[in-house]
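Undergrad: So here's upload_4.pdb, just PDB, C-alpha atoms:
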```pdb
MODEL        1
ATOM      1  CA  MET A   1      63.823  38.657  31.083
ATOM      2  CA  THR A   2      65.903  40.228  28.396
ATOM      3  CA  ASN A   3      66.930  38.086  25.476
ATOM      4  CA  ALA A   4      70.577  38.715  26.336
ATOM      5  CA  THR A   5      70.116  37.321  29.854
ATOM      6  CA  LYS A   6      68.168  34.345  28.566
ATOM      7  CA  LEU A   7      70.797  33.577  25.913
ATOM      8  CA  ALA A   8      73.558  33.928  28.492
ATOM      9  CA  LEU A   9      71.765  31.463  30.793
ATOM     10  CA  GLU A  10      71.260  28.989  27.937
ATOM     11  CA  GLU A  11      74.917  29.199  26.901
ATOM     12  CA  SER A  12      76.106  28.817  30.492
ATOM     13  CA  LEU A  13      73.897  25.794  31.028
ATOM     14  CA  LYS A  14      75.166  24.214  27.804
ATOM     15  CA  HIS A  15      78.735  24.951  28.889
ATOM     16  CA  LEU A  16      78.166  23.400  32.312
ATOM     17  CA  LEU A  17      76.476  20.335  30.786
ATOM     18  CA  LEU A  18      79.762  19.546  29.080
ATOM     19  CA  LYS A  19      81.212  19.015  32.541
ATOM     20  CA  LYS A  20      78.432  17.475  34.629
ATOM     21  CA  PRO A  21      74.802  16.354  34.562
ATOM     22  CA  LEU A  22      71.959  18.783  35.184
ATOM     23  CA  ASP A  23      71.157  17.381  38.619
ATOM     24  CA  LYS A  24      74.715  18.249  39.751
ATOM     25  CA  ILE A  25      74.644  21.854  38.474
ATOM     26  CA  THR A  26      73.847  24.401  41.177
ATOM     27  CA  ILE A  27      72.303  27.849  40.880
ATOM     28  CA  ASN A  28      75.652  29.212  42.018
ATOM     29  CA  ASP A  29      77.445  27.307  39.210
ATOM     30  CA  LEU A  30      75.049  28.740  36.671
ATOM     31  CA  THR A  31      75.052  32.347  37.903
ATOM     32  CA  THR A  32      78.837  32.383  38.263
ATOM     33  CA  ASP A  33      79.362  30.987  34.761
ATOM     34  CA  CYS A  34      76.700  33.292  33.327
ATOM     35  CA  GLY A  35      77.848  36.402  35.142
ATOM     36  CA  ILE A  36      74.475  37.291  36.665
ATOM     37  CA  SER A  37      73.471  37.589  40.289
ATOM     38  CA  ARG A  38      71.488  34.941  42.156
ATOM     39  CA  MET A  39      68.845  37.633  42.705
ATOM     40  CA  THR A  40      68.478  38.103  38.959
ATOM     41  CA  PHE A  41      68.132  34.366  38.474
ATOM     42  CA  TYR A  42      65.522  33.990  41.231
ATOM     43  CA  TYR A  43      63.638  37.007  39.957
ATOM     44  CA  HIS A  44      62.800  34.970  36.866
ATOM     45  CA  PHE A  45      62.984  31.299  37.942
ATOM     46  CA  LYS A  46      62.448  29.176  41.030
ATOM     47  CA  ASP A  47      65.098  26.581  40.065
ATOM     48  CA  ILE A  48      67.377  25.367  37.273
ATOM     49  CA  TYR A  49      64.748  23.009  35.865
ATOM     50  CA  GLU A  50      62.312  25.856  35.376
ATOM     51  CA  SER A  51      65.016  27.936  33.694
ATOM     52  CA  CYS A  52      65.421  25.337  30.974
ATOM     53  CA  GLY A  53      61.771  24.408  30.738
ATOM     54  CA  ASP A  54      61.107  25.994  27.353
ATOM     55  CA  GLY A  55      63.472  23.566  25.672
ATOM     56  CA  ALA A  56      65.646  26.157  23.931
ATOM     57  CA  VAL A  57      68.677  25.140  25.952
ATOM     58  CA  TRP A  58      68.319  21.557  24.726
ATOM     59  CA  LYS A  59      68.921  22.421  21.091
ATOM     60  CA  MET A  60      71.715  20.152  20.033
ATOM     61  CA  PRO A  61      74.977  21.550  18.719
ATOM     62  CA  GLU A  62      75.173  22.239  15.019
ATOM     63  CA  LEU A  63      77.129  19.460  13.397
ATOM     64  CA  PRO A  64      79.700  19.835  10.642
ATOM     65  CA  PHE A  65      77.665  17.391   8.561
ATOM     66  CA  ARG A  66      78.937  17.148   5.041
ATOM     67  CA  ALA A  67      76.733  15.955   2.215
ATOM     68  CA  LYS A  68      77.076  12.186   1.971
ATOM     69  CA  LYS A  69      73.589  11.495   0.722
ATOM     70  CA  THR A  70      74.219   9.191  -2.207
ATOM     71  CA  SER A  71      74.034   5.432  -2.438
ATOM     72  CA  SER A  72      77.805   5.216  -2.666
ATOM     73  CA  THR A  73      78.508   7.580   0.260
ATOM     74  CA  TRP A  74      75.649   7.141   2.790
ATOM     75  CA  HIS A  75      77.832   4.845   4.927
ATOM     76  CA  GLU A  76      80.335   7.715   5.245
ATOM     77  CA  GLY A  77      77.433  10.018   6.111
ATOM     78  CA  LEU A  78      76.356   7.681   8.895
ATOM     79  CA  LEU A  79      79.930   7.634  10.197
ATOM     80  CA  GLN A  80      79.962  11.446  10.163
ATOM     81  CA  ILE A  81      76.829  11.501  12.319
ATOM     82  CA  PHE A  82      78.440   9.071  14.770
ATOM     83  CA  ASP A  83      81.674  11.144  14.727
ATOM     84  CA  ALA A  84      79.820  14.356  15.503
ATOM     85  CA  VAL A  85      77.762  12.778  18.286
ATOM     86  CA  MET A  86      80.953  11.345  19.783
ATOM     87  CA  GLU A  87      82.653  14.764  19.616
ATOM     88  CA  ASN A  88      79.746  16.128  21.684
ATOM     89  CA  LYS A  89      79.645  13.092  24.000
ATOM     90  CA  PRO A  90      79.443  14.876  27.380
ATOM     91  CA  PHE A  91      76.640  17.174  26.218
ATOM     92  CA  ILE A  92      74.721  14.370  24.477
ATOM     93  CA  LEU A  93      74.994  11.995  27.462
ATOM     94  CA  ASN A  94      73.980  14.663  29.971
ATOM     95  CA  VAL A  95      70.975  15.731  27.902
ATOM     96  CA  TYR A  96      70.009  12.074  27.410
ATOM     97  CA  ARG A  97      70.271  11.280  31.117
ATOM     98  CA  CYS A  98      68.691  14.465  32.474
ATOM     99  CA  VAL A  99      66.069  15.400  29.944
ATOM    100  CA  GLY A 100      65.395  12.110  28.271
ATOM    101  CA  ARG A 101      65.541  10.274  25.039
ATOM    102  CA  GLU A 102      63.126  12.467  23.094
ATOM    103  CA  GLN A 103      65.453  15.466  22.660
ATOM    104  CA  ILE A 104      68.288  13.314  21.343
ATOM    105  CA  GLU A 105      65.882  11.239  19.248
ATOM    106  CA  ASN A 106      64.473  14.307  17.466
ATOM    107  CA  TYR A 107      67.986  15.602  16.839
ATOM    108  CA  LEU A 108      69.092  12.299  15.283
ATOM    109  CA  PHE A 109      65.873  12.027  13.249
ATOM    110  CA  GLN A 110      66.667  15.343  11.560
ATOM    111  CA  LEU A 111      70.189  14.252  10.667
ATOM    112  CA  THR A 112      69.371  10.766   9.425
ATOM    113  CA  CYS A 113      66.223  11.757   7.537
ATOM    114  CA  ASP A 114      68.194  14.168   5.366
ATOM    115  CA  LEU A 115      70.833  11.517   4.722
ATOM    116  CA  LEU A 116      68.326   8.795   3.821
ATOM    117  CA  MET A 117      66.035  10.958   1.677
ATOM    118  CA  GLY A 118      69.056  11.769  -0.472
ATOM    119  CA  VAL A 119      69.753   8.071  -1.003
ATOM    120  CA  VAL A 120      66.113   7.146  -1.658
ATOM    121  CA  THR A 121      65.685  10.062  -4.085
ATOM    122  CA  GLU A 122      68.804   9.039  -6.007
ATOM    123  CA  LYS A 123      67.900   5.349  -6.116
ATOM    124  CA  SER A 124      64.305   5.969  -7.198
ATOM    125  CA  LYS A 125      65.123   8.342 -10.037
ATOM    126  CA  ASP A 126      63.019   7.386 -13.075
ATOM    127  CA  ILE A 127      61.243   4.656 -11.070
ATOM    128  CA  PRO A 128      57.496   5.111 -10.719
ATOM    129  CA  ILE A 129      56.963   5.438  -6.971
ATOM    130  CA  THR A 130      55.169   8.257  -5.196
ATOM    131  CA  ASP A 131      56.735  10.894  -2.968
ATOM    132  CA  GLU A 132      54.807   9.385  -0.042
ATOM    133  CA  GLN A 133      56.397   5.999  -0.755
ATOM    134  CA  LYS A 134      59.858   7.591  -0.880
ATOM    135  CA  ILE A 135      59.218   9.253   2.479
ATOM    136  CA  PHE A 136      57.967   5.951   3.921
ATOM    137  CA  ILE A 137      61.145   4.132   2.837
ATOM    138  CA  ALA A 138      63.379   6.889   4.264
ATOM    139  CA  ASP A 139      61.371   6.894   7.511
ATOM    140  CA  LEU A 140      61.644   3.125   7.859
ATOM    141  CA  TYR A 141      65.431   3.282   7.754
ATOM    142  CA  LYS A 142      65.545   6.496   9.780
ATOM    143  CA  TYR A 143      63.805   4.780  12.699
ATOM    144  CA  SER A 144      66.172   1.838  12.423
ATOM    145  CA  PHE A 145      69.303   4.023  12.402
ATOM    146  CA  VAL A 146      68.127   6.227  15.249
ATOM    147  CA  GLY A 147      67.100   3.231  17.362
ATOM    148  CA  ILE A 148      70.560   1.733  16.998
ATOM    149  CA  MET A 149      72.230   5.045  17.797
ATOM    150  CA  LEU A 150      70.007   5.591  20.853
ATOM    151  CA  ASP A 151      70.949   2.172  22.220
ATOM    152  CA  TRP A 152      74.599   3.099  21.724
ATOM    153  CA  ILE A 153      74.077   6.402  23.574
ATOM    154  CA  LYS A 154      72.069   4.709  26.359
ATOM    155  CA  ASN A 155      74.985   2.323  26.908
ATOM    156  CA  GLY A 156      77.408   5.224  27.330
ATOM    157  CA  MET A 157      78.825   5.245  23.785
ATOM    158  CA  ARG A 158      81.330   2.558  24.742
ATOM    159  CA  GLU A 159      80.983   0.301  21.705
ATOM    160  CA  ASP A 160      83.060   1.112  18.619
ATOM    161  CA  TYR A 161      80.606   3.035  16.450
ATOM    162  CA  ARG A 162      82.600   2.209  13.301
ATOM    163  CA  GLU A 163      81.625  -1.428  13.806
ATOM    164  CA  ILE A 164      77.992  -0.415  14.312
ATOM    165  CA  ALA A 165      78.068   1.608  11.067
ATOM    166  CA  ASP A 166      79.735  -1.277   9.201
ATOM    167  CA  ASP A 167      77.176  -3.781  10.529
ATOM    168  CA  THR A 168      74.366  -1.420   9.541
ATOM    169  CA  ALA A 169      75.763  -1.050   6.020
ATOM    170  CA  THR A 170      76.125  -4.832   5.689
ATOM    171  CA  ALA A 171      72.600  -5.511   6.930
ATOM    172  CA  LEU A 172      71.043  -2.900   4.649
ATOM    173  CA  TYR A 173      73.062  -3.614   1.528
ATOM    174  CA  GLY A 174      70.607  -3.616  -1.370
ATOM    175  CA  SER A 175      67.523  -3.318   0.809
ATOM    176  CA  ILE A 176      66.659   0.258  -0.178
ATOM    177  CA  ASP A 177      66.822  -0.787  -3.849
ATOM    178  CA  ASN A 178      64.602  -3.746  -3.042
ATOM    179  CA  ALA A 179      62.050  -1.568  -1.220
ATOM    180  CA  ILE A 180      61.891   0.812  -4.186
ATOM    181  CA  ARG A 181      61.429  -2.092  -6.620
ATOM    182  CA  ASN A 182      58.698  -3.586  -4.422
ATOM    183  CA  PHE A 183      56.754  -0.320  -4.334
ATOM    184  CA  ALA A 184      57.166   0.121  -8.096
ATOM    185  CA  ALA A 185      55.883  -3.433  -8.690
ATOM    186  CA  ARG A 186      52.920  -2.832  -6.375
ATOM    187  CA  ASN A 187      52.111   0.410  -8.180
ATOM    188  CA  LYS A 188      52.271  -1.342 -11.545
ATOM    189  CA  THR A 189      49.966  -4.123 -10.330
ATOM    190  CA  ALA A 190      47.501  -1.590  -8.929
ATOM    191  CA  GLU A 191      47.612   0.320 -12.202
ATOM    192  CA  MET A 192      46.875  -2.860 -14.221
ATOM    193  CA  HIS A 193      43.859  -3.615 -11.998
ATOM    194  CA  THR A 194      42.391  -0.159 -12.566
ATOM    195  CA  GLU A 195      42.585  -0.429 -16.366
TER
ENDMDL
END
```
Written as structure tokens, how would this file's structure read?

TA:
Amino acid sequence: MTNATKLALEESLKHLLLKKPLDKITINDLTTDCGISRMTFYYHFKDIYESCGDGAVWKMPELPFRAKKTSSTWHEGLLQIFDAVMENKPFILNVYRCVGREQIENYLFQLTCDLLMGVVTEKSKDIPITDEQKIFIADLYKYSFVGIMLDWIKNGMREDYREIADDTATALYGSIDNAIRNFAARNKTAEMHTE
């Protein structure tokens, strides 16, 4: 299959997923939207599921994510992630329902990890903790954020995400600082025991 045909199929499937779930999209819908013949489609694939089997079609839309990776702006960054997911609601829900949680989860992990590493890096400046400890702290919060967002998506994105972001900010207030201090104290204690 030529790259042009494959890209056209991927784009058509993404376009159709904005309107309906994968199990409601027909070969005719796809070939009509894509501008290829049914024969061409069947020459390469036995069904729609096989056509999207390599996962390329499930790449999430690029988000207009602006840098809000500081301790004073991470809450805004979290809101931007929610905003962007909400703007892509039909696509996100259809991918979640038809392909599963893993595709959405990986997408959200990438977004939140970048956000949280920025905060942890800023907060731990000049504090003696290792890069591995910084990554661990960011990962801990990343899994928390993504879990909350996945529950919101699973429930159809009905709840006001601004409240979820506010509750998250309230619950986490000061906890990243505390985690950094705890690791620094543990490192200092370990250092004293090795002397």

Undergrad: Tell me which of A:Tyr96, A:Tyr141, A:Phe136, A:Tyr161 sits closest to Phe183 (chain A), counting all atoms listed in the file.

TA: A:Phe136

Undergrad: Work out how far CA of Ala138 (chain A) is from CA of Met117 (chain A), in Å to one decimal.

TA: 5.5 Å

Undergrad: Which residue, A:Glu191, A:Leu111, A:Ser37, A:Thr130, has the smallest gap to Leu79 (chain A) when you use all atoms listed in the file?

TA: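 Closest to Leu79 (chain A), using all atoms listed in the file: A:Leu111.
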
Undergrad: Looking at A:Gly35, A:Pro90, A:Gly118, A:Gly77, which one is nearest to Leu18 (chain A), with distances taken over all atoms listed in the file?

TA: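 Using all atoms listed in the file, the shortest distance to Leu18 (chain A) belongs to A:Pro90.
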
Undergrad: What is the CA of Lys14 (chain A) to CA of Thr112 (chain A) distance in Å?

TA: 23.5 Å

Undergrad: To one decimal place, how far is CA of Leu17 (chain A) from CA of Thr31 (chain A) in Å?

TA: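 Value for the CA of Leu17 (chain A)-CA of Thr31 (chain A) distance: 14.0 Å.
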
Undergrad: With only C-alpha atoms as the counted atoms, please give the residues lying no more than 7 Å from Ile129 (chain A), apart from itself and same-chain residues fewer than 2 positions off, as a list in words.

TA: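 Listed by chain and then number, they are Ile127, Asp131, Gln133, Phe183 and Ala184 of chain A.
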
Undergrad: For Arg38 (chain A), which of A:Leu9, A:Val119, A:Thr170, A:Lys20 is the closest residue, counting only C-alpha atoms?

TA: A:Leu9

Undergrad: Care to translate the PyMOL selection byres ((chain A and resi 33) around 10) into actual residues of this file, as a list in words?

TA: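 When the PyMOL selection byres ((chain A and resi 33) around 10) is applied, the selected residues are Ala8, Leu9, Glu11, Ser12, Leu13, His15, Leu16, Ile27, Asn28, Asp29, Leu30, Thr31, Thr32, Cys34, Gly35 and Ile36 of chain A.
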
Undergrad: Within 7 Å of region 143-158 of chain A, counting only C-alpha atoms, which residues show up once you throw out same-chain ones fewer than 3 positions away? Write them as a VMD selection string, please.

TA: chain A and resid 93 105 108 to 109 139 to 140

Undergrad: Tell me, as a PyMOL selection string, which residues lie within 8 Å of region 176-180 of chain A, counting all atoms listed in the file; anything in the same chain fewer than 5 positions away does not count.

TA: chain A and resi 120+123-124+127+129+134+137

Undergrad: Calculated over all atoms listed in the file, which of the candidates A:Leu7, A:Leu78, A:Ala165, A:Val95 has the smallest distance to Leu115 (chain A)?

TA: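 Residue with the minimum atom-to-atom distance to Leu115 (chain A): A:Leu78.
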
Undergrad: Quick one: of A:Ala169, A:Val85, A:Tyr42, A:Lys142, who's nearest to Gln110 (chain A), counting all atoms listed in the file?

TA: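 Using all atoms listed in the file, Gln110 (chain A) sits closest to A:Lys142.
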